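Chemist: data.cif is reproduced below (mmCIF, C-alpha atoms).
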data_coords
loop_
_atom_site.label_atom_id
_atom_site.label_comp_id
_atom_site.auth_asym_id
_atom_site.auth_seq_id
_atom_site.Cartn_x
_atom_site.Cartn_y
_atom_site.Cartn_z
CA MET A 576 52.54 59.47 75.94
CA ALA A 577 51.67 56.78 78.44
CA ARG A 578 50.69 53.46 76.98
CA THR A 579 47.18 52.14 77.44
CA VAL A 580 46.03 49.64 80.04
CA ARG A 581 47.55 46.35 79.01
CA ARG A 582 47.31 43.48 81.43
CA THR A 583 45.78 41.76 84.41
CA VAL A 584 47.46 39.44 86.89
CA PRO A 585 46.82 35.69 86.50
CA LEU A 586 45.70 34.15 89.77
CA ALA A 587 48.44 31.57 89.37
CA LEU A 588 50.98 34.31 90.11
CA ALA A 589 49.27 35.39 93.31
CA GLY A 590 51.69 33.63 95.63
CA THR A 591 54.89 34.58 93.81
CA LEU A 592 54.80 38.36 93.97
CA GLY A 593 56.85 40.66 96.17
CA LEU A 594 59.62 38.98 98.15
CA GLY A 595 58.73 35.51 96.97
CA ALA A 596 57.99 34.52 100.58
CA LEU A 597 54.25 34.57 100.01
CA VAL A 598 52.67 31.19 99.47
CA ALA A 599 49.71 30.31 97.27
CA PRO A 600 46.42 30.70 99.12
CA GLN A 601 44.75 27.61 100.50
CA ALA A 602 41.51 26.44 98.96
CA GLY A 603 38.69 28.70 99.99
CA ALA A 604 40.99 31.53 101.11
CA SER A 605 40.64 34.96 99.55
CA PRO A 606 43.52 35.84 97.17
CA ALA A 607 43.36 39.39 98.52
CA THR A 608 44.88 38.20 101.76
CA THR A 609 48.17 37.30 100.05
CA ASP A 610 48.22 39.18 96.77
CA PRO A 611 48.81 42.95 97.09
CA VAL A 612 48.16 43.71 93.43
CA PRO A 613 44.34 43.99 93.58
CA ALA A 614 44.59 46.28 96.59
CA ILE A 615 47.21 48.49 94.94
CA GLU A 616 45.18 48.51 91.73
CA SER A 617 42.05 49.62 93.55
CA ALA A 618 43.90 52.72 94.76
CA ALA A 619 45.90 53.40 91.58
CA GLN A 620 45.09 56.45 89.46
CA PRO A 621 46.12 55.97 85.80
CA LEU A 622 48.23 58.64 84.11
CA ARG A 623 47.22 59.91 80.70
CA SER A 624 50.78 60.93 79.91
CA THR A 625 54.14 61.83 81.40
CA ASP A 626 54.55 64.72 78.95
CA PRO A 627 53.51 68.29 79.83
CA GLY A 628 50.69 69.85 77.86
CA GLY A 629 47.15 68.73 77.17
CA SER A 630 44.45 67.80 79.62
CA THR A 631 45.31 67.60 83.32
CA LYS A 632 42.09 65.88 84.33
CA ASP A 633 44.04 62.76 85.30
CA LEU A 634 46.10 64.82 87.79
CA ARG A 635 43.11 66.06 89.78
CA PRO A 636 43.27 63.11 92.21
CA MET A 637 46.91 64.04 92.84
CA GLY A 638 45.79 67.56 93.60
CA ARG A 639 43.43 66.18 96.24
CA MET A 640 46.25 64.03 97.66
CA VAL A 641 48.51 67.09 97.93
CA GLY A 642 45.74 68.98 99.71
CA ASP A 643 46.89 72.19 101.37
CA ALA A 644 50.61 71.34 101.43
CA SER A 645 52.88 74.34 101.05
CA VAL A 646 55.89 72.26 99.92
CA VAL A 647 55.66 69.12 97.76
CA GLY A 648 58.82 67.07 97.33
CA LEU A 649 58.84 65.27 93.96
CA GLY A 650 61.59 62.71 93.58
CA GLU A 651 63.20 60.72 90.79
CA ALA A 652 64.45 57.15 90.84
CA THR A 653 67.29 58.16 88.49
CA HIS A 654 68.77 61.57 87.83
CA GLY A 655 69.00 60.98 84.10
CA SER A 656 65.67 59.69 82.75
CA HIS A 657 63.48 61.72 80.42
CA GLU A 658 60.10 60.71 81.85
CA PHE A 659 60.94 61.60 85.43
CA PHE A 660 61.75 65.18 84.49
CA THR A 661 58.91 65.67 82.00
CA MET A 662 56.51 64.32 84.62
CA LYS A 663 57.90 66.87 87.09
CA ASP A 664 57.35 69.57 84.48
CA ARG A 665 53.79 68.34 83.96
CA VAL A 666 53.02 68.19 87.69
CA PHE A 667 54.53 71.64 88.25
CA ARG A 668 52.38 73.18 85.52
CA TYR A 669 49.30 71.59 87.03
CA LEU A 670 50.17 72.77 90.54
CA VAL A 671 50.81 76.30 89.27
CA GLU A 672 47.58 76.52 87.31
CA GLU A 673 45.26 74.61 89.63
CA LYS A 674 46.78 74.71 93.14
CA GLY A 675 48.48 78.10 93.34
CA PHE A 676 52.11 76.94 93.41
CA THR A 677 54.66 79.60 92.48
CA THR A 678 58.16 78.11 92.81
CA PHE A 679 60.12 75.27 91.23
CA ALA A 680 62.95 74.40 93.63
CA GLN A 681 65.82 72.08 92.72
CA GLU A 682 68.82 70.54 94.47
CA VAL A 683 71.17 72.92 92.63
CA SER A 684 73.24 75.71 94.10
CA TRP A 685 71.76 78.89 95.59
CA THR A 686 73.84 80.81 93.03
CA THR A 687 72.38 78.85 90.10
CA GLY A 688 68.90 79.36 91.49
CA LEU A 689 69.36 83.13 91.55
CA ARG A 690 70.49 83.11 87.92
CA PHE A 691 67.65 80.87 86.73
CA ASP A 692 65.15 82.94 88.71
CA ALA A 693 66.38 86.10 87.02
CA TYR A 694 66.04 84.47 83.59
CA VAL A 695 62.49 83.14 84.02
CA ARG A 696 61.44 86.57 85.29
CA GLY A 697 62.60 88.28 82.10
CA GLY A 698 66.37 88.52 82.50
CA GLU A 699 68.77 88.61 79.59
CA GLY A 700 70.60 85.62 78.18
CA ASP A 701 70.15 82.50 76.09
CA VAL A 702 68.45 79.69 77.96
CA ARG A 703 70.57 76.94 76.43
CA GLU A 704 73.82 78.69 77.22
CA LEU A 705 72.61 79.45 80.73
CA VAL A 706 71.64 75.85 81.44
CA HIS A 707 74.96 74.57 80.12
CA GLU A 708 77.02 77.10 82.04
CA GLU A 709 75.26 76.32 85.30
CA LEU A 710 74.58 72.58 84.99
CA ALA A 711 77.34 71.09 82.83
CA LYS A 712 78.74 69.20 85.83
CA THR A 713 75.31 67.98 86.93
CA PRO A 714 72.81 65.46 85.52
CA TRP A 715 70.53 68.27 84.34
CA ASP A 716 72.30 69.89 81.38
CA THR A 717 69.43 68.59 79.27
CA GLU A 718 66.78 69.50 76.74
CA GLU A 719 64.19 68.70 79.40
CA TYR A 720 65.57 71.41 81.69
CA VAL A 721 65.64 73.91 78.83
CA GLU A 722 61.96 73.14 78.17
CA LEU A 723 61.04 73.73 81.82
CA LEU A 724 62.76 77.13 82.02
CA THR A 725 61.32 78.12 78.63
CA TRP A 726 57.80 77.36 79.86
CA MET A 727 58.36 79.25 83.11
CA ARG A 728 59.51 82.35 81.25
CA ALA A 729 56.60 82.16 78.80
CA TYR A 730 54.17 81.78 81.71
CA ASN A 731 55.62 84.88 83.36
CA ASP A 732 55.34 86.86 80.14
CA LYS A 733 51.61 86.06 80.14
CA HIS A 734 51.13 86.54 83.89
CA PRO A 735 53.22 89.57 84.92
CA HIS A 736 51.31 89.95 88.20
CA ARG A 737 51.56 86.30 89.24
CA GLN A 738 55.02 85.14 88.31
CA VAL A 739 56.54 81.74 88.90
CA ARG A 740 60.03 81.56 90.33
CA PHE A 741 63.03 79.26 90.44
CA MET A 742 64.99 78.41 93.57
CA GLY A 743 68.23 76.47 94.11
CA ASN A 744 68.30 75.13 97.66
CA ASP A 745 71.75 73.48 97.77
CA LEU A 746 75.24 74.59 98.71
CA ASN A 747 77.17 76.60 96.12
CA TYR A 748 78.92 74.21 93.76
CA PRO A 749 80.64 74.33 91.33
CA GLU A 750 80.82 78.10 91.86
CA ILE A 751 80.18 80.56 94.65
CA GLY A 752 78.67 83.46 92.76
CA ASP A 753 79.92 87.01 93.21
CA GLU A 754 76.29 88.07 93.58
CA LEU A 755 76.23 86.44 97.03
CA PHE A 756 79.21 88.42 98.32
CA ASP A 757 77.93 91.55 96.59
CA GLY A 758 74.45 91.05 98.02
CA VAL A 759 75.79 91.06 101.57
CA GLU A 760 78.36 93.82 101.11
CA ASP A 761 76.00 96.13 99.20
CA TYR A 762 73.43 95.87 101.98
CA VAL A 763 76.07 96.51 104.66
CA ARG A 764 77.46 99.45 102.70
CA ALA A 765 74.01 101.05 102.53
CA HIS A 766 72.68 100.22 106.00
CA GLU A 767 75.54 99.21 108.33
CA PRO A 768 78.61 100.97 106.86
CA ASP A 769 80.70 100.52 109.99
CA LEU A 770 80.64 96.74 109.38
CA LEU A 771 81.82 96.95 105.77
CA PRO A 772 85.62 96.74 106.33
CA THR A 773 85.21 93.70 108.58
CA ILE A 774 82.73 91.90 106.29
CA THR A 775 84.89 92.59 103.24
CA GLU A 776 87.98 91.28 104.97
CA LEU A 777 86.21 88.14 106.17
CA TYR A 778 84.93 87.30 102.68
CA ALA A 779 88.05 88.23 100.69
CA PRO A 780 89.76 84.80 100.83
CA MET A 781 86.50 83.02 99.94
CA ARG A 782 86.07 85.24 96.89
CA ARG A 783 89.51 84.16 95.68
CA LEU A 784 88.48 80.49 96.01
CA ALA A 785 85.05 80.79 94.45
CA ASN A 786 85.56 77.68 92.30
CA GLY A 787 84.40 74.73 94.36
CA ASP A 788 86.99 72.25 93.12
CA THR A 789 89.81 74.70 93.84
CA TYR A 790 88.29 75.44 97.25
CA MET A 791 88.06 71.78 98.24
CA GLY A 792 91.67 71.29 97.16
CA ARG A 793 92.91 73.60 99.90
CA PRO A 794 94.23 72.18 103.23
CA LEU A 795 91.60 71.27 105.80
CA LYS A 796 92.81 73.88 108.29
CA GLU A 797 92.45 76.62 105.71
CA ARG A 798 88.94 75.45 104.84
CA ARG A 799 88.00 75.44 108.50
CA ASP A 800 89.34 78.97 108.92
CA LEU A 801 87.25 80.09 105.94
CA ALA A 802 84.17 78.48 107.47
CA GLY A 803 84.86 80.39 110.67
CA ASN A 804 85.09 83.63 108.69
CA ALA A 805 81.76 82.95 106.98
CA ARG A 806 80.03 82.16 110.27
CA GLU A 807 81.43 85.33 111.82
CA ALA A 808 80.13 87.44 108.94
CA LEU A 809 76.72 85.80 109.27
CA ASP A 810 76.62 86.42 113.01
CA LEU A 811 77.66 90.06 112.63
CA LEU A 812 74.88 90.68 110.13
CA ARG A 813 72.29 88.77 112.17
CA LYS A 814 73.02 90.99 115.21
CA ARG A 815 72.10 94.07 113.15
CA GLN A 816 68.61 92.80 112.35
CA PRO A 817 66.29 95.79 111.96
CA ALA A 818 62.93 96.08 113.70
CA SER A 819 61.23 95.05 110.46
CA PRO A 820 63.64 92.40 109.14
CA GLY A 821 62.05 91.68 105.76
CA GLY A 822 63.00 92.92 102.32
CA LYS A 823 66.63 93.73 101.61
CA PHE A 824 67.88 92.59 105.01
CA ALA A 825 66.22 89.17 104.64
CA TRP A 826 67.88 88.61 101.27
CA ALA A 827 71.28 89.81 102.50
CA LEU A 828 71.05 87.53 105.52
CA GLN A 829 70.07 84.56 103.35
CA HIS A 830 73.05 85.20 101.02
CA ALA A 831 75.29 85.29 104.10
CA ARG A 832 73.67 82.09 105.35
CA SER A 833 74.30 80.39 102.00
CA LEU A 834 77.96 81.41 102.07
CA SER A 835 78.28 80.03 105.60
CA GLN A 836 76.51 76.79 104.64
CA THR A 837 78.85 76.26 101.70
CA ALA A 838 81.99 77.00 103.69
CA THR A 839 80.81 74.66 106.45
CA VAL A 840 80.29 71.75 104.04
CA TYR A 841 83.71 72.34 102.51
CA ALA A 842 85.27 72.32 105.99
CA PHE A 843 84.34 68.70 106.73
CA PRO A 844 87.16 66.14 106.20
CA LEU A 845 85.57 64.96 102.97
CA GLY A 846 88.24 62.34 102.32
CA THR A 847 87.11 60.27 105.31
CA PRO A 848 83.93 58.16 105.68
CA GLN A 849 82.84 59.97 108.84
CA GLY A 850 83.58 63.36 107.31
CA GLU A 851 81.48 62.56 104.27
CA THR A 852 78.62 61.24 106.42
CA ASP A 853 78.66 64.37 108.58
CA ALA A 854 78.76 66.57 105.47
CA MET A 855 75.77 64.79 103.89
CA LEU A 856 73.75 65.09 107.09
CA TYR A 857 74.49 68.81 107.20
CA ARG A 858 73.72 69.15 103.47
CA ASP A 859 70.24 67.63 103.76
CA ARG A 860 69.55 69.87 106.75
CA LEU A 861 70.63 73.01 104.91
CA MET A 862 68.56 72.14 101.82
CA ALA A 863 65.49 71.79 104.01
CA GLN A 864 66.33 75.01 105.83
CA ASN A 865 66.67 76.95 102.59
CA THR A 866 63.46 75.53 101.14
CA ALA A 867 61.50 76.39 104.27
CA TRP A 868 63.02 79.90 104.29
CA TRP A 869 62.04 80.48 100.67
CA GLN A 870 58.48 79.27 101.20
CA ARG A 871 58.07 81.42 104.30
CA HIS A 872 59.73 84.47 102.76
CA THR A 873 57.89 84.42 99.42
CA GLY A 874 54.62 83.18 100.86
CA GLY A 875 54.11 80.90 97.86
CA LYS A 876 53.87 77.15 97.49
CA VAL A 877 56.92 75.20 96.38
CA LEU A 878 57.47 72.10 94.25
CA LEU A 879 60.81 70.68 95.39
CA SER A 880 62.63 68.55 92.82
CA ALA A 881 65.35 66.17 94.00
CA HIS A 882 66.33 62.52 93.97
CA ASN A 883 63.89 60.15 95.67
CA ALA A 884 66.35 59.75 98.51
CA HIS A 885 66.41 63.47 99.29
CA VAL A 886 62.65 64.10 99.27
CA GLY A 887 61.85 60.99 101.29
CA TYR A 888 61.56 60.36 105.01
CA GLU A 889 63.79 57.31 105.41
CA SER A 890 67.39 56.75 104.38
CA TYR A 891 68.54 53.46 102.90
CA ASP A 892 72.21 54.47 102.96
CA PRO A 893 74.15 54.88 106.24
CA SER A 894 76.19 57.63 104.55
CA TYR A 895 73.00 59.74 104.58
CA PRO A 896 71.77 59.58 108.20
CA LYS A 897 68.71 61.83 107.77
CA MET A 898 67.17 63.09 104.58
CA GLN A 899 65.88 66.48 103.50
CA GLY A 900 62.33 65.15 103.44
CA ALA A 901 62.56 64.16 107.10
CA PHE A 902 63.92 67.60 108.04
CA LEU A 903 61.08 69.25 106.10
CA ARG A 904 58.49 67.09 107.83
CA ASP A 905 60.01 68.15 111.18
CA ARG A 906 59.65 71.80 110.17
CA LEU A 907 56.37 71.76 108.27
CA GLY A 908 54.43 68.75 109.52
CA ASP A 909 51.62 67.79 107.15
CA ARG A 910 52.27 70.93 105.11
CA TYR A 911 55.05 68.87 103.49
CA VAL A 912 54.07 66.02 101.16
CA SER A 913 56.59 63.64 99.62
CA ILE A 914 56.13 61.94 96.22
CA GLY A 915 58.49 59.17 95.11
CA PHE A 916 58.97 57.48 91.73
CA THR A 917 59.51 53.85 90.78
CA PHE A 918 59.99 52.27 87.35
CA ASP A 919 60.26 48.77 85.97
CA ARG A 920 62.82 49.08 83.16
CA GLY A 921 64.40 51.47 80.69
CA SER A 922 67.42 53.72 80.39
CA LEU A 923 69.09 56.78 81.85
CA MET A 924 72.04 59.11 81.38
CA ALA A 925 74.73 58.59 84.02
CA GLN A 926 78.42 58.73 84.71
CA SER A 927 80.53 55.77 85.83
CA ALA A 928 83.12 55.21 88.51
CA GLU A 929 85.79 55.42 85.80
CA SER A 930 84.53 58.38 83.77
CA GLU A 931 82.66 61.65 84.25
CA ALA A 932 81.24 61.38 80.72
CA TRP A 933 77.45 61.22 80.62
CA LYS A 934 76.36 58.17 78.65
CA PRO A 935 73.11 56.24 78.21
CA ARG A 936 72.81 53.17 80.44
CA SER A 937 70.20 50.42 80.24
CA VAL A 938 68.31 48.92 83.18
CA GLY A 939 66.50 45.61 82.80
CA ALA A 940 63.09 44.68 84.14
CA ALA A 941 62.69 44.24 87.86
CA THR A 942 63.16 40.70 89.09
CA ARG A 943 60.97 38.74 91.47
CA GLY A 944 61.29 40.01 95.01
CA MET A 945 61.79 43.65 94.01
CA ASN A 946 59.19 46.33 94.74
CA GLU A 947 58.89 47.21 91.08
CA TYR A 948 58.21 43.61 90.05
CA THR A 949 54.90 43.68 91.89
CA LEU A 950 54.07 47.32 91.17
CA ASP A 951 54.39 46.61 87.45
CA LYS A 952 51.71 43.89 87.66
CA VAL A 953 49.06 46.56 88.12
CA ARG A 954 47.03 46.83 84.91
CA HIS A 955 48.01 50.47 84.29
CA ASP A 956 51.39 51.13 82.70
CA ASP A 957 51.81 54.48 84.45
CA TYR A 958 49.90 55.41 87.58
CA PHE A 959 50.07 56.99 91.03
CA LEU A 960 48.56 56.21 94.39
CA ASP A 961 48.27 57.71 97.86
CA MET A 962 50.03 55.20 100.08
CA ARG A 963 48.59 56.82 103.21
CA THR A 964 45.02 55.89 102.30
CA ALA A 965 45.50 52.72 100.24
CA PRO A 966 43.72 49.55 101.40
CA ALA A 967 45.28 47.80 104.39
CA THR A 968 46.63 44.94 102.27
CA ALA A 969 48.41 47.42 100.03
CA ARG A 970 49.74 49.47 102.96
CA LYS A 971 51.10 46.35 104.62
CA TRP A 972 52.91 45.30 101.47
CA LEU A 973 54.17 48.82 100.75
CA GLY A 974 55.51 49.08 104.29
CA LYS A 975 58.04 46.26 103.95
CA ALA A 976 61.63 46.74 102.80
CA ARG A 977 62.52 45.23 99.42
CA MET A 978 65.19 45.77 96.82
CA THR A 979 64.29 48.84 94.76
CA LYS A 980 65.92 50.74 91.90
CA SER A 981 67.45 53.99 93.09
CA ILE A 982 70.24 55.35 90.91
CA GLY A 983 72.22 58.53 91.47
CA THR A 984 74.87 60.22 89.36
CA ALA A 985 77.07 57.16 88.84
CA PHE A 986 76.07 53.82 87.31
CA PRO A 987 75.77 51.05 88.33
CA ASP A 988 74.08 51.88 91.61
CA GLY A 989 71.89 49.59 93.69
CA PRO A 990 69.29 48.25 93.88
CA HIS A 991 68.74 49.24 97.49
CA LYS A 992 66.45 47.94 100.21
CA ILE A 993 63.65 50.50 100.59
CA ARG A 994 60.33 50.69 102.44
CA LEU A 995 58.09 52.63 100.06
CA ALA A 996 55.17 53.69 102.29
CA PRO A 997 57.31 54.92 105.21
CA SER A 998 59.52 56.81 102.74
CA TYR A 999 56.91 58.73 100.73
CA ASP A 1000 53.27 59.77 100.96
CA ILE A 1001 52.45 59.31 97.28
CA LEU A 1002 54.04 56.97 94.74
CA ILE A 1003 54.24 57.39 90.96
CA HIS A 1004 55.07 54.19 89.09
CA LEU A 1005 56.19 54.18 85.44
CA ASP A 1006 56.51 51.02 83.38
CA ARG A 1007 59.39 52.24 81.18
CA VAL A 1008 61.71 55.25 81.13
CA THR A 1009 64.16 56.49 78.52
CA ALA A 1010 67.43 58.37 78.77
CA ALA A 1011 67.28 62.15 79.15
CA HIS A 1012 68.64 64.23 76.29
CA ARG A 1013 71.92 65.94 77.11
CA GLN A 1014 72.42 69.27 75.40
CA SER A 1015 74.88 69.08 72.52
CA GLN A 1016 77.49 71.84 72.64
#
Please render this file's structure as structure tokens.
Modeler:
Amino acid sequence: MARTVRRTVPLALAGTLGLGALVAPQAGASPATTDPVPAIESAAQPLRSTDPGGSTKDLRPMGRMVGDASVVGLGEATHGSHEFFTMKDRVFRYLVEEKGFTTFAQEVSWTTGLRFDAYVRGGEGDVRELVHEELAKTPWDTEEYVELLTWMRAYNDKHPHRQVRFMGNDLNYPEIGDELFDGVEDYVRAHEPDLLPTITELYAPMRRLANGDTYMGRPLKERRDLAGNAREALDLLRKRQPASPGGKFAWALQHARSLSQTATVYAFPLGTPQGETDAMLYRDRLMAQNTAWWQRHTGGKVLLSAHNAHVGYESYDPSYPKMQGAFLRDRLGDRYVSIGFTFDRGSLMAQSAESEAWKPRSVGAATRGMNEYTLDKVRHDDYFLDMRTAPATARKWLGKARMTKSIGTAFPDGPHKIRLAPSYDILIHLDRVTAAHRQSQ
């Protein structure tokens, strides 16, 4: 539950917010010319809670901000904080029930997405076991994820004619599922049988290396040969496109595309800085491509969950030359809306450079000069605002680069210099976050 409104900003602090370069106003000058807090506060919409359930009246302004967008990217300033994911769950439920959204998409593998989609649509299996099997190597093997999938399945049980779906838009790691190879080969067997021997032969060595870690351990030349095989299979299938290319062909082609995407990423020289940069550029492009394909193919609206960096428009890390959010804006224009998160202090689950174990890590309050230091002076603990339509003073302040908390899988990480308004359309700020709850096995 979000805490209640708690504070105002003393005028004596007016010249010390943000980067610390602002000076106290001269006698007779308006504080609004130097202090961004009143302007941000005038645009801020307080949040009743970050937990799903209960009234969604406080989210209606967000619904108006989203407008007619067909894809909404919703970020997270850490991968491992409880409130970021429960807020995503809450926003997704609101968008489903009030704005007609039908898909929760996540930066997890296409294979995992197929398995989660089958589960939420009534498939067999235990949700906790499924989440652990698919996400044990990711930040999301959590109680929060179990709760999301549980709600999605319950919603579908109650709405059999308007089901919500799950999509994984990333490359296939840590596993390339057999269902991808089978999906292509079964279609070819039924509709293009003369291609079957060639397709089967092209995919055979990839099937034997379906584990991603094993695959990436193979020599670079072998990985490049496998990528060539996957592209050839994709091209062969694409050339047999029927006059009406929807339905089974569309799914088979997308499975083939996912196999080619994965093989291509694995074929970069990942042990070199340039190879990793090229791979990350390709990865963000493929995630955007897959998300746009899903939205177009299903005809529904998509909430896309990923790290702030991946849903945003600007990159703060040279290793990531262009982000998924920028690719989606190129494809969809204003039908894509990006929402970023910030927070002042709290905790998260993360790994370290020395260990892959997920452990709780603490993050102290933002210091003077950081974006969050000023954002947390707003009188609401938890709030959101549309940075596109905020007052000019707020937009000017939000448009400047400042150190900002942005933490990925490993801790410590950052802070990083980020321009908030050019990176996202909407910003959600939380005063405190707590560590997500890893599933105990």
Chemist: Could you spell out the hits of the PyMOL selection byres ((chain A and resi 794) around 12) on the shown file, as a ChimeraX atom specification?
Modeler: /A:789-793,795-801,841-846
Chemist: What is the distance between CA of Trp685 (chain A) and CA of Glu672 (chain A), in Å to one decimal?
Modeler: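 So the two atoms, CA of Trp685 (chain A) and CA of Glu672 (chain A), lie 25.7 Å apart.
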Chemist: Given all atoms listed in the file as the basis, pick out the residue of A:Val1008, A:Ala881, A:Met662, A:Val695 nearest to Asn744 (chain A).
Modeler: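 Nearest candidate to Asn744 (chain A) out of A:Val1008, A:Ala881, A:Met662, A:Val695: A:Ala881.
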Chemist: Neighbours of region 921-937 of chain A within 9 Å (all atoms listed in the file; same-chain residues fewer than 2 positions away dropped), as an MDAnalysis selection string?
Modeler: chainID A and resid 653:657 712 714 918:919 939:940 982:987 1006:1013
Chemist: Kindly indicate which residue among A:Arg783, A:Phe741, A:Ala808, A:Glu754 lies nearest to Leu771 (chain A), using all atoms listed in the file for the distances.
Modeler: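 Ranked by minimum distance to Leu771 (chain A), first place goes to A:Ala808.
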Chemist: Quick one: everything within 10 Å of Asp909 (chain A), counting only C-alpha atoms, minus sequence neighbours fewer than 2 positions away in the same chain. Send it as an MDAnalysis selection string.
Modeler: chainID A and resid 641:646 903:907 911:913
Chemist: Report, in Å with one decimal, the straight-line distance from CA of Trp972 (chain A) to CA of Tyr999 (chain A).
Modeler: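 According to the coordinates, CA of Trp972 (chain A) and CA of Tyr999 (chain A) are separated by 14.0 Å.
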Chemist: Tell me, as a PDB file with C-alpha atoms, in the coordinates of the input, which residues lie within 10 Å of region 884-899 of chain A, counting all atoms listed in the file; anything in the same chain fewer than 6 positions away does not count.
Modeler:
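Written output follows (around.pdb):
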ATOM      1  CA  VAL A 647      55.660  69.120  97.760  1.00  0.00           C
ATOM      2  CA  GLY A 648      58.820  67.070  97.330  1.00  0.00           C
ATOM      3  CA  LEU A 649      58.840  65.270  93.960  1.00  0.00           C
ATOM      4  CA  GLY A 650      61.590  62.710  93.580  1.00  0.00           C
ATOM      5  CA  GLU A 651      63.200  60.720  90.790  1.00  0.00           C
ATOM      6  CA  ALA A 652      64.450  57.150  90.840  1.00  0.00           C
ATOM      7  CA  GLU A 682      68.820  70.540  94.470  1.00  0.00           C
ATOM      8  CA  PRO A 848      83.930  58.160 105.680  1.00  0.00           C
ATOM      9  CA  GLN A 849      82.840  59.970 108.840  1.00  0.00           C
ATOM     10  CA  GLY A 850      83.580  63.360 107.310  1.00  0.00           C
ATOM     11  CA  GLU A 851      81.480  62.560 104.270  1.00  0.00           C
ATOM     12  CA  THR A 852      78.620  61.240 106.420  1.00  0.00           C
ATOM     13  CA  ASP A 853      78.660  64.370 108.580  1.00  0.00           C
ATOM     14  CA  ALA A 854      78.760  66.570 105.470  1.00  0.00           C
ATOM     15  CA  MET A 855      75.770  64.790 103.890  1.00  0.00           C
ATOM     16  CA  LEU A 856      73.750  65.090 107.090  1.00  0.00           C
ATOM     17  CA  TYR A 857      74.490  68.810 107.200  1.00  0.00           C
ATOM     18  CA  ARG A 858      73.720  69.150 103.470  1.00  0.00           C
ATOM     19  CA  ASP A 859      70.240  67.630 103.760  1.00  0.00           C
ATOM     20  CA  ARG A 860      69.550  69.870 106.750  1.00  0.00           C
ATOM     21  CA  LEU A 861      70.630  73.010 104.910  1.00  0.00           C
ATOM     22  CA  MET A 862      68.560  72.140 101.820  1.00  0.00           C
ATOM     23  CA  ALA A 863      65.490  71.790 104.010  1.00  0.00           C
ATOM     24  CA  GLN A 864      66.330  75.010 105.830  1.00  0.00           C
ATOM     25  CA  THR A 866      63.460  75.530 101.140  1.00  0.00           C
ATOM     26  CA  ASP A 905      60.010  68.150 111.180  1.00  0.00           C
ATOM     27  CA  TYR A 911      55.050  68.870 103.490  1.00  0.00           C
ATOM     28  CA  VAL A 912      54.070  66.020 101.160  1.00  0.00           C
ATOM     29  CA  SER A 913      56.590  63.640  99.620  1.00  0.00           C
ATOM     30  CA  ILE A 914      56.130  61.940  96.220  1.00  0.00           C
ATOM     31  CA  GLY A 915      58.490  59.170  95.110  1.00  0.00           C
ATOM     32  CA  ALA A 976      61.630  46.740 102.800  1.00  0.00           C
ATOM     33  CA  SER A 981      67.450  53.990  93.090  1.00  0.00           C
ATOM     34  CA  ILE A 982      70.240  55.350  90.910  1.00  0.00           C
ATOM     35  CA  GLY A 983      72.220  58.530  91.470  1.00  0.00           C
ATOM     36  CA  HIS A 991      68.740  49.240  97.490  1.00  0.00           C
ATOM     37  CA  LYS A 992      66.450  47.940 100.210  1.00  0.00           C
ATOM     38  CA  ILE A 993      63.650  50.500 100.590  1.00  0.00           C
ATOM     39  CA  ARG A 994      60.330  50.690 102.440  1.00  0.00           C
ATOM     40  CA  LEU A 995      58.090  52.630 100.060  1.00  0.00           C
ATOM     41  CA  ALA A 996      55.170  53.690 102.290  1.00  0.00           C
ATOM     42  CA  PRO A 997      57.310  54.920 105.210  1.00  0.00           C
ATOM     43  CA  SER A 998      59.520  56.810 102.740  1.00  0.00           C
ATOM     44  CA  TYR A 999      56.910  58.730 100.730  1.00  0.00           C
ATOM     45  CA  ASP A1000      53.270  59.770 100.960  1.00  0.00           C
TER      46      ASP A1000
END
Chemist: For the atom pair CA of Leu689 (chain A) and CA of Glu658 (chain A), what is the interatomic distance in Å to one decimal place?
Modeler: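 Between CA of Leu689 (chain A) and CA of Glu658 (chain A) the gap works out to 26.1 Å.
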Chemist: Would you kindly translate the PyMOL selection byres ((chain A and resi 781) around 10) into the concrete residues it picks from this file, as a list in words?
Modeler: Ile751, Phe756, Glu776, Leu777, Tyr778, Ala779, Pro780, Arg782, Arg783, Leu784, Ala785, Asn786, Tyr790, Arg798, Leu801, Ala802, Asn804, Ala805, Leu834 and Ala838 of chain A
Chemist: As a PDB file with C-alpha atoms, in the frame of the given file, please: the residues near region 706-710 of chain A (cut-off 7 Å, all atoms listed in the file, same-chain neighbours under 6 positions excluded).
Modeler:
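Wrote selection_27.pdb, looks like this:
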ATOM      1  CA  THR A 687      72.380  78.850  90.100  1.00  0.00           C
ATOM      2  CA  ASP A 716      72.300  69.890  81.380  1.00  0.00           C
ATOM      3  CA  VAL A 721      65.640  73.910  78.830  1.00  0.00           C
TER       4      VAL A 721
END
Chemist: Quick one: apply the PyMOL selection byres ((chain A and resi 742) around 10) to the file and drop the selected residues here as a PyMOL selection string.
Modeler: chain A and resi 678-692+740-741+743-745+865-866+869+877-879
Chemist: Taking only C-alpha atoms into account, which of A:Gly697, A:Gly758, A:Pro772, A:Gly821 comes nearest Gln738 (chain A)?
Modeler: A:Gly697
Chemist: Taking all atoms listed in the file into account, which of A:Glu719, A:Asp732, A:Glu673, A:Glu807 comes nearest Leu634 (chain A)?
Modeler: A:Glu673
Chemist: When you look at Leu1002 (chain A) with a cut-off of 7 Å (counting all atoms listed in the file), what residues show up, excluding the ones that are within fewer than 5 positions of it in the same chain? I need them as a count of residues only.
Modeler: 7
